[in-house]
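A.B. asks: Please find target.pdb (PDB, C-alpha atoms) on the next line:
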```
ATOM      1  CA  MET A  25      25.595   1.282  37.788
ATOM      2  CA  LYS A  26      22.458   3.404  37.466
ATOM      3  CA  PHE A  27      24.069   5.413  34.635
ATOM      4  CA  LYS A  28      24.888   2.207  32.707
ATOM      5  CA  SER A  29      21.265   1.046  33.046
ATOM      6  CA  LEU A  30      19.981   4.369  31.752
ATOM      7  CA  ALA A  31      22.450   4.323  28.852
ATOM      8  CA  LEU A  32      21.439   0.772  27.984
ATOM      9  CA  ALA A  33      17.746   1.675  28.144
ATOM     10  CA  ALA A  34      18.330   4.697  25.898
ATOM     11  CA  ALA A  35      20.305   2.605  23.403
ATOM     12  CA  LEU A  36      17.615  -0.073  23.286
ATOM     13  CA  ALA A  37      14.848   2.499  22.899
ATOM     14  CA  SER A  38      16.566   3.927  19.809
ATOM     15  CA  SER A  39      17.178   0.450  18.391
ATOM     16  CA  PRO A  40      15.080  -0.844  15.494
ATOM     17  CA  LEU A  41      14.165  -3.836  17.688
ATOM     18  CA  TYR A  42      11.356  -1.893  19.366
ATOM     19  CA  ALA A  43       8.110  -0.704  17.851
ATOM     20  CA  ALA A  44       8.452   2.537  15.982
ATOM     21  CA  ASN A  45       6.062   4.694  14.033
ATOM     22  CA  TYR A  46       6.850   5.534  10.421
ATOM     23  CA  VAL A  47       5.393   8.004   7.925
ATOM     24  CA  ILE A  48       5.252   6.775   4.341
ATOM     25  CA  ASP A  49       7.761   8.798   2.310
ATOM     26  CA  THR A  50       5.565  10.206  -0.444
ATOM     27  CA  ALA A  51       7.287  13.623  -0.390
ATOM     28  CA  GLY A  52      10.482  12.062  -1.718
ATOM     29  CA  ALA A  53       8.535   9.767  -4.072
ATOM     30  CA  HIS A  54       9.978   6.718  -2.314
ATOM     31  CA  ALA A  55       6.646   4.910  -2.269
ATOM     32  CA  SER A  56       4.073   4.003  -4.889
ATOM     33  CA  VAL A  57       0.637   2.437  -5.299
ATOM     34  CA  ASN A  58       0.470   0.793  -8.726
ATOM     35  CA  PHE A  59      -2.051  -1.333 -10.562
ATOM     36  CA  LYS A  60      -2.369  -3.432 -13.672
ATOM     37  CA  ILE A  61      -5.363  -4.954 -15.403
ATOM     38  CA  SER A  62      -5.567  -7.136 -18.469
ATOM     39  CA  HIS A  63      -6.427  -5.438 -21.739
ATOM     40  CA  LEU A  64      -8.554  -7.954 -23.665
ATOM     41  CA  GLY A  65      -6.216 -10.749 -22.590
ATOM     42  CA  TYR A  66      -3.455  -9.440 -24.906
ATOM     43  CA  SER A  67      -1.469  -7.142 -22.628
ATOM     44  CA  TYR A  68      -1.816  -5.091 -19.442
ATOM     45  CA  VAL A  69      -2.835  -1.517 -18.782
ATOM     46  CA  LEU A  70      -0.544  -0.146 -16.065
ATOM     47  CA  GLY A  71      -1.264   2.754 -13.795
ATOM     48  CA  ARG A  72      -0.743   4.307 -10.407
ATOM     49  CA  PHE A  73      -2.236   6.667  -7.880
ATOM     50  CA  ASN A  74      -0.066   9.759  -7.647
ATOM     51  CA  THR A  75      -1.422  11.043  -4.328
ATOM     52  CA  PHE A  76      -1.654   8.983  -1.154
ATOM     53  CA  ALA A  77      -0.546   9.196   2.452
ATOM     54  CA  GLY A  78      -0.161   6.872   5.363
ATOM     55  CA  GLU A  79       1.714   5.665   8.357
ATOM     56  CA  PHE A  80       2.678   2.379   9.894
ATOM     57  CA  SER A  81       4.071   0.866  13.057
ATOM     58  CA  TYR A  82       6.749  -1.811  12.815
ATOM     59  CA  ASP A  83       8.693  -3.783  15.383
ATOM     60  CA  ALA A  84      11.232  -6.313  14.071
ATOM     61  CA  ALA A  85      11.140  -8.134  17.419
ATOM     62  CA  ALA A  86       7.326  -8.442  17.338
ATOM     63  CA  PRO A  87       6.243  -8.121  13.699
ATOM     64  CA  GLN A  88       2.799  -9.505  14.543
ATOM     65  CA  ASP A  89       2.097  -6.164  16.258
ATOM     66  CA  SER A  90       2.734  -4.189  13.054
ATOM     67  CA  SER A  91      -0.035  -2.058  11.582
ATOM     68  CA  ILE A  92      -0.592   0.305   8.666
ATOM     69  CA  SER A  93      -3.183   2.806   7.509
ATOM     70  CA  LEU A  94      -3.209   4.314   4.031
ATOM     71  CA  THR A  95      -5.475   6.802   2.269
ATOM     72  CA  ILE A  96      -5.475   7.095  -1.522
ATOM     73  CA  ASP A  97      -6.761  10.065  -3.511
ATOM     74  CA  THR A  98      -8.667   8.215  -6.258
ATOM     75  CA  THR A  99      -8.789  11.381  -8.382
ATOM     76  CA  SER A 100      -4.997  11.038  -8.763
ATOM     77  CA  LEU A 101      -5.338   7.892 -10.901
ATOM     78  CA  ASP A 102      -2.806   8.008 -13.742
ATOM     79  CA  SER A 103      -2.576   5.406 -16.521
ATOM     80  CA  ASN A 104      -0.608   7.707 -18.826
ATOM     81  CA  HIS A 105      -3.625   8.224 -21.107
ATOM     82  CA  ALA A 106      -5.942  11.180 -20.377
ATOM     83  CA  GLU A 107      -9.094   9.798 -22.030
ATOM     84  CA  ARG A 108      -8.728   6.404 -20.360
ATOM     85  CA  ASP A 109      -8.091   8.109 -17.009
ATOM     86  CA  LYS A 110     -11.284  10.127 -17.446
ATOM     87  CA  HIS A 111     -13.211   6.889 -18.052
ATOM     88  CA  LEU A 112     -11.573   5.105 -15.092
ATOM     89  CA  ARG A 113     -12.550   8.023 -12.838
ATOM     90  CA  SER A 114     -16.176   7.886 -14.071
ATOM     91  CA  ASP A 115     -19.106   6.047 -12.498
ATOM     92  CA  ASP A 116     -18.246   3.026 -14.674
ATOM     93  CA  PHE A 117     -15.205   2.405 -12.473
ATOM     94  CA  LEU A 118     -13.983   4.461  -9.477
ATOM     95  CA  SER A 119     -16.756   7.074  -9.378
ATOM     96  CA  VAL A 120     -14.306   9.613  -7.960
ATOM     97  CA  GLU A 121     -16.900  12.388  -7.666
ATOM     98  CA  ASN A 122     -18.779  10.246  -5.155
ATOM     99  CA  TYR A 123     -15.758   8.451  -3.666
ATOM    100  CA  PRO A 124     -12.675  10.686  -3.881
ATOM    101  CA  GLU A 125     -10.764   8.506  -1.415
ATOM    102  CA  ALA A 126      -9.991   4.860  -0.886
ATOM    103  CA  SER A 127      -8.489   3.592   2.344
ATOM    104  CA  PHE A 128      -6.774   0.569   3.815
ATOM    105  CA  VAL A 129      -6.492  -0.192   7.536
ATOM    106  CA  SER A 130      -4.706  -3.340   8.629
ATOM    107  CA  THR A 131      -6.251  -5.823  11.040
ATOM    108  CA  SER A 132      -3.394  -8.335  11.309
ATOM    109  CA  PHE A 133       0.199  -8.952  10.248
ATOM    110  CA  GLU A 134       1.490 -12.534  10.154
ATOM    111  CA  ASP A 135       5.249 -13.010   9.984
ATOM    112  CA  LEU A 136       6.005 -15.959   7.671
ATOM    113  CA  GLY A 137       9.788 -15.830   8.115
ATOM    114  CA  ASP A 138      12.501 -14.994   5.583
ATOM    115  CA  ASN A 139      11.246 -11.363   5.340
ATOM    116  CA  LYS A 140       7.811 -12.542   4.137
ATOM    117  CA  ALA A 141       4.482 -11.740   5.748
ATOM    118  CA  LYS A 142       0.736 -11.816   5.209
ATOM    119  CA  LEU A 143      -0.982  -8.468   5.843
ATOM    120  CA  VAL A 144      -4.761  -8.526   6.308
ATOM    121  CA  GLY A 145      -6.934  -5.462   6.464
ATOM    122  CA  ASP A 146     -10.023  -3.603   5.362
ATOM    123  CA  LEU A 147      -9.968  -1.912   1.967
ATOM    124  CA  THR A 148     -12.677   0.664   1.353
ATOM    125  CA  LEU A 149     -13.179   1.453  -2.329
ATOM    126  CA  ARG A 150     -16.276   3.017  -3.928
ATOM    127  CA  GLY A 151     -17.953   2.970  -0.506
ATOM    128  CA  VAL A 152     -17.549  -0.804  -0.140
ATOM    129  CA  THR A 153     -15.349  -2.250   2.599
ATOM    130  CA  LYS A 154     -13.885  -5.740   2.172
ATOM    131  CA  SER A 155     -11.175  -7.640   3.979
ATOM    132  CA  ILE A 156      -8.181  -8.318   1.722
ATOM    133  CA  GLU A 157      -4.839 -10.088   2.053
ATOM    134  CA  ILE A 158      -1.567  -8.616   0.848
ATOM    135  CA  ASP A 159       1.558 -10.736   0.349
ATOM    136  CA  VAL A 160       4.371  -8.662   1.843
ATOM    137  CA  THR A 161       8.156  -8.755   1.524
ATOM    138  CA  LYS A 162      10.380  -6.657   3.745
ATOM    139  CA  VAL A 163      12.907  -5.001   1.422
ATOM    140  CA  GLY A 164      15.227  -3.647   4.115
ATOM    141  CA  GLU A 165      15.799  -1.190   6.920
ATOM    142  CA  GLY A 166      18.534   1.017   8.277
ATOM    143  CA  THR A 167      19.961   4.473   8.753
ATOM    144  CA  ASP A 168      19.693   6.806   5.769
ATOM    145  CA  PRO A 169      22.425   9.287   4.683
ATOM    146  CA  TRP A 170      20.652  12.133   6.541
ATOM    147  CA  GLY A 171      20.665  10.452   9.952
ATOM    148  CA  GLY A 172      17.079   9.186   9.798
ATOM    149  CA  TYR A 173      15.926   5.596  10.005
ATOM    150  CA  ARG A 174      13.897   3.903   7.252
ATOM    151  CA  VAL A 175      12.215   0.586   6.571
ATOM    152  CA  GLY A 176      10.725  -0.570   3.294
ATOM    153  CA  PHE A 177       8.207  -3.177   2.188
ATOM    154  CA  GLU A 178       6.597  -4.267  -1.033
ATOM    155  CA  GLY A 179       3.298  -6.062  -1.380
ATOM    156  CA  THR A 180       0.944  -7.539  -3.939
ATOM    157  CA  THR A 181      -2.730  -8.370  -3.981
ATOM    158  CA  ALA A 182      -5.522  -9.024  -6.470
ATOM    159  CA  LEU A 183      -8.971  -7.452  -6.269
ATOM    160  CA  ALA A 184     -12.137  -8.628  -7.995
ATOM    161  CA  LEU A 185     -13.753  -5.558  -9.567
ATOM    162  CA  LYS A 186     -17.274  -6.865  -8.878
ATOM    163  CA  ASP A 187     -16.509  -6.973  -5.122
ATOM    164  CA  TYR A 188     -16.406  -3.168  -5.204
ATOM    165  CA  GLY A 189     -19.461  -2.627  -7.384
ATOM    166  CA  ILE A 190     -17.515  -2.283 -10.635
ATOM    167  CA  ASP A 191     -19.369  -4.313 -13.232
ATOM    168  CA  TYR A 192     -18.265  -2.630 -16.448
ATOM    169  CA  ASN A 193     -17.704  -5.438 -18.967
ATOM    170  CA  LEU A 194     -14.050  -5.514 -19.993
ATOM    171  CA  GLY A 195     -14.188  -9.216 -20.822
ATOM    172  CA  PRO A 196     -13.334 -12.240 -18.682
ATOM    173  CA  ALA A 197      -9.589 -11.511 -18.731
ATOM    174  CA  ALA A 198     -10.181  -8.194 -16.938
ATOM    175  CA  GLU A 199     -12.236  -9.166 -13.918
ATOM    176  CA  MET A 200      -9.286  -8.734 -11.546
ATOM    177  CA  VAL A 201      -7.010  -5.782 -10.919
ATOM    178  CA  TYR A 202      -3.541  -6.501  -9.541
ATOM    179  CA  MET A 203      -2.058  -4.062  -7.051
ATOM    180  CA  ASP A 204       1.647  -3.548  -6.349
ATOM    181  CA  LEU A 205       2.553  -1.511  -3.289
ATOM    182  CA  HIS A 206       6.006  -0.131  -2.547
ATOM    183  CA  ILE A 207       6.160   1.440   0.891
ATOM    184  CA  GLU A 208       9.185   3.173   2.419
ATOM    185  CA  GLY A 209       8.683   4.753   5.812
ATOM    186  CA  VAL A 210      10.700   7.282   7.770
ATOM    187  CA  ARG A 211      10.808   6.642  11.516
ATOM    188  CA  GLN A 212       9.279   9.436  13.558
TER     189      GLN A 212
END
```
For the file at hand, write its structure as structure tokens.

C.D. replies:
Amino acid sequence: MKFKSLALAAALASSPLYAANYVIDTAGAHASVNFKISHLGYSYVLGRFNTFAGEFSYDAAAPQDSSISLTIDTTSLDSNHAERDKHLRSDDFLSVENYPEASFVSTSFEDLGDNKAKLVGDLTLRGVTKSIEIDVTKVGEGTDPWGGYRVGFEGTTALALKDYGIDYNLGPAAEMVYMDLHIEGVRQ
């Protein structure tokens, strides 16, 4: 009887129903931090941050206990246009010489059902920390072909540039930047 209890405990401990820690899979390029901002109200400039790292904790049985921390290398900004990237890295926008990193640390995770959630946390950008909300969708989870366990989420949020001390006039259509996050984690 004792052996069955130990086997059951071991099986439950390895189950995805209990909190697990995950490292965001940036090495395999299975995660991305993307942005878009209106260009004069006619189209969008798209970009991404090529270098970032983070980890999260997730428990399907108690999603409200989930948490994430992420650090972004702001110097890795890439909008596929070298001169624009130079300007976006300047003091007019990200001021990467003074603020080479941005960070996000969650403060709450609200499960909304149907694989939807509201993630709240503190975003620090250009030395300014503000609480933001991210609309989250769980994409899926399961065993990968190499015997590991993965879970993936995507999220969206909008940031007002002026909230982070960015007041460069791009016109009224470009006062907000829209962020798309695609996070795949490998269970540790």

A.B. asks: List the neighbours of range 170-173 of chain A out to 6 Å using all atoms listed in the file; skip same-chain residues closer than 2 positions along the sequence, and give me the result as a list in words.

C.D. replies: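 Final neighbour list, sorted by chain and number: Gly166, Thr167, Asp168, Val210 and Arg211 of chain A.
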
A.B. asks: Applied to this file, what does the PyMOL selection byres ((chain A and resi 141) around 9) return in terms of residues, put as a VMD selection string?

C.D. replies: chain A and resid 87 133 to 140 142 to 143 158 to 162

A.B. asks: Measure the distance from CA of Ala198 in chain A to CA of Ile61 in chain A in Å and round it to one decimal.

C.D. replies: 6.0 Å

A.B. asks: List the residues selected by the PyMOL selection byres ((chain A and resi 46-49) around 7) in the file shown, writing them as a list in words.

C.D. replies: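 In the shown coordinates, the PyMOL selection byres ((chain A and resi 46-49) around 7) covers Ala44, Asn45, Thr50, Ala51, Gly52, Ala53, His54, Ala55, Ala77, Gly78, Glu79, Phe80, Ser81, Ile207, Glu208, Gly209, Val210, Arg211 and Gln212 of chain A.
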
A.B. asks: Measure the distance from CA of Thr95 in chain A to CA of Asp204 in chain A in Å and round it to one decimal.

C.D. replies: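 Pair CA of Thr95 in chain A / CA of Asp204 in chain A returns 15.2 Å.
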
A.B. asks: Record the distance separating CA of Thr180 in chain A and CA of Val57 in chain A, expressed in Å with one decimal.

C.D. replies: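 Going from CA of Thr180 in chain A over to CA of Val57 in chain A covers 10.1 Å.
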
A.B. asks: Determine, counting only C-alpha atoms, which protein, DNA and RNA residues have an atom within 12 Å of an atom of Arg113 in chain A; residues of the same chain fewer than 4 positions away are not included. Present the result as a list in words.

C.D. replies: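 Listed by chain and then number, they are Phe73, Asp97, Thr98, Thr99, Ser100, Leu101, Asp102, Ser103, Ala106, Glu107, Arg108, Asp109, Phe117, Leu118, Ser119, Val120, Glu121, Asn122, Tyr123, Pro124, Glu125, Arg150 and Ile190 of chain A.
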
A.B. asks: Given only C-alpha atoms as the basis, pick out the residue of A:Asp116, A:Asp89, A:Glu157, A:Glu165 nearest to Leu185 in chain A.

C.D. replies: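 With only C-alpha atoms as the atom set, the closest residue is A:Asp116.
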
A.B. asks: Check what the PyMOL selection byres ((chain A and resi 156) around 12) selects in the file above and give those residues as a VMD selection string.

C.D. replies: chain A and resid 127 to 133 142 to 149 153 to 155 157 to 159 180 to 184 187 to 188 203

A.B. asks: Would you please work out which residue, of A:Tyr68, A:Tyr82, A:Phe76, A:Tyr202, is nearest to Gly176 in chain A when using all atoms listed in the file?

C.D. replies: A:Tyr82

A.B. asks: Which is closest to Ala85 in chain A among A:Phe177, A:Ala197, A:Ala126, A:Ala43, if we use only C-alpha atoms?

C.D. replies: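 Of A:Phe177, A:Ala197, A:Ala126, A:Ala43, the one nearest Ala85 in chain A, counting only C-alpha atoms, is A:Ala43.
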
A.B. asks: Taking into account all atoms listed in the file, which residue in the set A:Val69, A:Ile92, A:Ala86, A:Leu64 is nearest to Leu112 in chain A?

C.D. replies: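 So, comparing all the options, the nearest one is A:Val69.
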
A.B. asks: If I only have part of range 122-152 of chain A, can you fill in N, CA and C atoms and write it as a compact mmCIF listing (two decimals), in the coordinates of the input?

C.D. replies:
```txt
# COMPACT_ATOMS: atom_id res chain seq x y z
N ASN A 122 -18.08 10.74 -6.34
CA ASN A 122 -18.78 10.25 -5.16
C ASN A 122 -17.83 9.67 -4.11
N TYR A 123 -16.71 9.12 -4.56
CA TYR A 123 -15.76 8.45 -3.67
C TYR A 123 -14.34 8.92 -3.97
N PRO A 124 -13.99 10.13 -3.54
CA PRO A 124 -12.68 10.69 -3.88
C PRO A 124 -11.51 10.04 -3.13
N GLU A 125 -11.82 9.17 -2.17
CA GLU A 125 -10.76 8.51 -1.42
C GLU A 125 -11.04 7.01 -1.30
N ALA A 126 -9.96 6.27 -1.26
CA ALA A 126 -9.99 4.86 -0.89
C ALA A 126 -9.09 4.75 0.34
N SER A 127 -9.33 3.73 1.15
CA SER A 127 -8.49 3.59 2.34
C SER A 127 -8.23 2.13 2.65
N PHE A 128 -7.13 1.91 3.34
CA PHE A 128 -6.77 0.57 3.82
C PHE A 128 -6.32 0.70 5.26
N VAL A 129 -6.89 -0.14 6.13
CA VAL A 129 -6.49 -0.19 7.54
C VAL A 129 -6.25 -1.65 7.89
N SER A 130 -5.05 -1.95 8.34
CA SER A 130 -4.71 -3.34 8.63
C SER A 130 -5.43 -3.84 9.87
N THR A 131 -5.66 -5.16 9.88
CA THR A 131 -6.25 -5.82 11.04
C THR A 131 -5.32 -6.89 11.61
N SER A 132 -4.38 -7.39 10.79
CA SER A 132 -3.39 -8.34 11.31
C SER A 132 -2.18 -8.38 10.39
N PHE A 133 -1.07 -8.81 10.97
CA PHE A 133 0.20 -8.95 10.25
C PHE A 133 0.81 -10.26 10.71
N GLU A 134 0.94 -11.23 9.80
CA GLU A 134 1.49 -12.53 10.15
C GLU A 134 2.88 -12.69 9.55
N ASP A 135 3.87 -12.81 10.41
CA ASP A 135 5.25 -13.01 9.98
C ASP A 135 5.41 -14.45 9.50
N LEU A 136 5.83 -14.63 8.25
CA LEU A 136 6.00 -15.96 7.67
C LEU A 136 7.46 -16.39 7.63
N GLY A 137 8.36 -15.53 8.14
CA GLY A 137 9.79 -15.83 8.12
C GLY A 137 10.42 -15.43 6.80
N ASP A 138 11.73 -15.33 6.78
CA ASP A 138 12.50 -14.99 5.58
C ASP A 138 12.02 -13.69 4.94
N ASN A 139 11.72 -12.69 5.78
CA ASN A 139 11.25 -11.36 5.34
C ASN A 139 9.92 -11.39 4.59
N LYS A 140 9.13 -12.43 4.77
CA LYS A 140 7.81 -12.54 4.14
C LYS A 140 6.74 -12.42 5.21
N ALA A 141 5.59 -11.89 4.81
CA ALA A 141 4.48 -11.74 5.75
C ALA A 141 3.16 -11.72 4.99
N LYS A 142 2.09 -11.92 5.73
CA LYS A 142 0.74 -11.82 5.21
C LYS A 142 0.06 -10.68 5.98
N LEU A 143 -0.31 -9.63 5.26
CA LEU A 143 -0.98 -8.47 5.84
C LEU A 143 -2.46 -8.58 5.50
N VAL A 144 -3.31 -8.48 6.50
CA VAL A 144 -4.76 -8.53 6.31
C VAL A 144 -5.32 -7.21 6.78
N GLY A 145 -6.32 -6.71 6.05
CA GLY A 145 -6.93 -5.46 6.46
C GLY A 145 -8.17 -5.15 5.66
N ASP A 146 -8.79 -4.04 6.01
CA ASP A 146 -10.02 -3.60 5.36
C ASP A 146 -9.73 -2.54 4.32
N LEU A 147 -10.08 -2.86 3.07
CA LEU A 147 -9.97 -1.91 1.97
C LEU A 147 -11.35 -1.34 1.70
N THR A 148 -11.43 -0.01 1.71
CA THR A 148 -12.68 0.66 1.35
C THR A 148 -12.46 1.34 0.01
N LEU A 149 -13.27 0.94 -0.97
CA LEU A 149 -13.18 1.45 -2.33
C LEU A 149 -14.60 1.59 -2.86
N ARG A 150 -14.93 2.75 -3.41
CA ARG A 150 -16.28 3.02 -3.93
C ARG A 150 -17.33 2.81 -2.85
N GLY A 151 -17.00 3.09 -1.60
CA GLY A 151 -17.95 2.97 -0.51
C GLY A 151 -18.17 1.56 -0.01
N VAL A 152 -17.44 0.59 -0.53
CA VAL A 152 -17.55 -0.80 -0.14
C VAL A 152 -16.29 -1.18 0.63
```
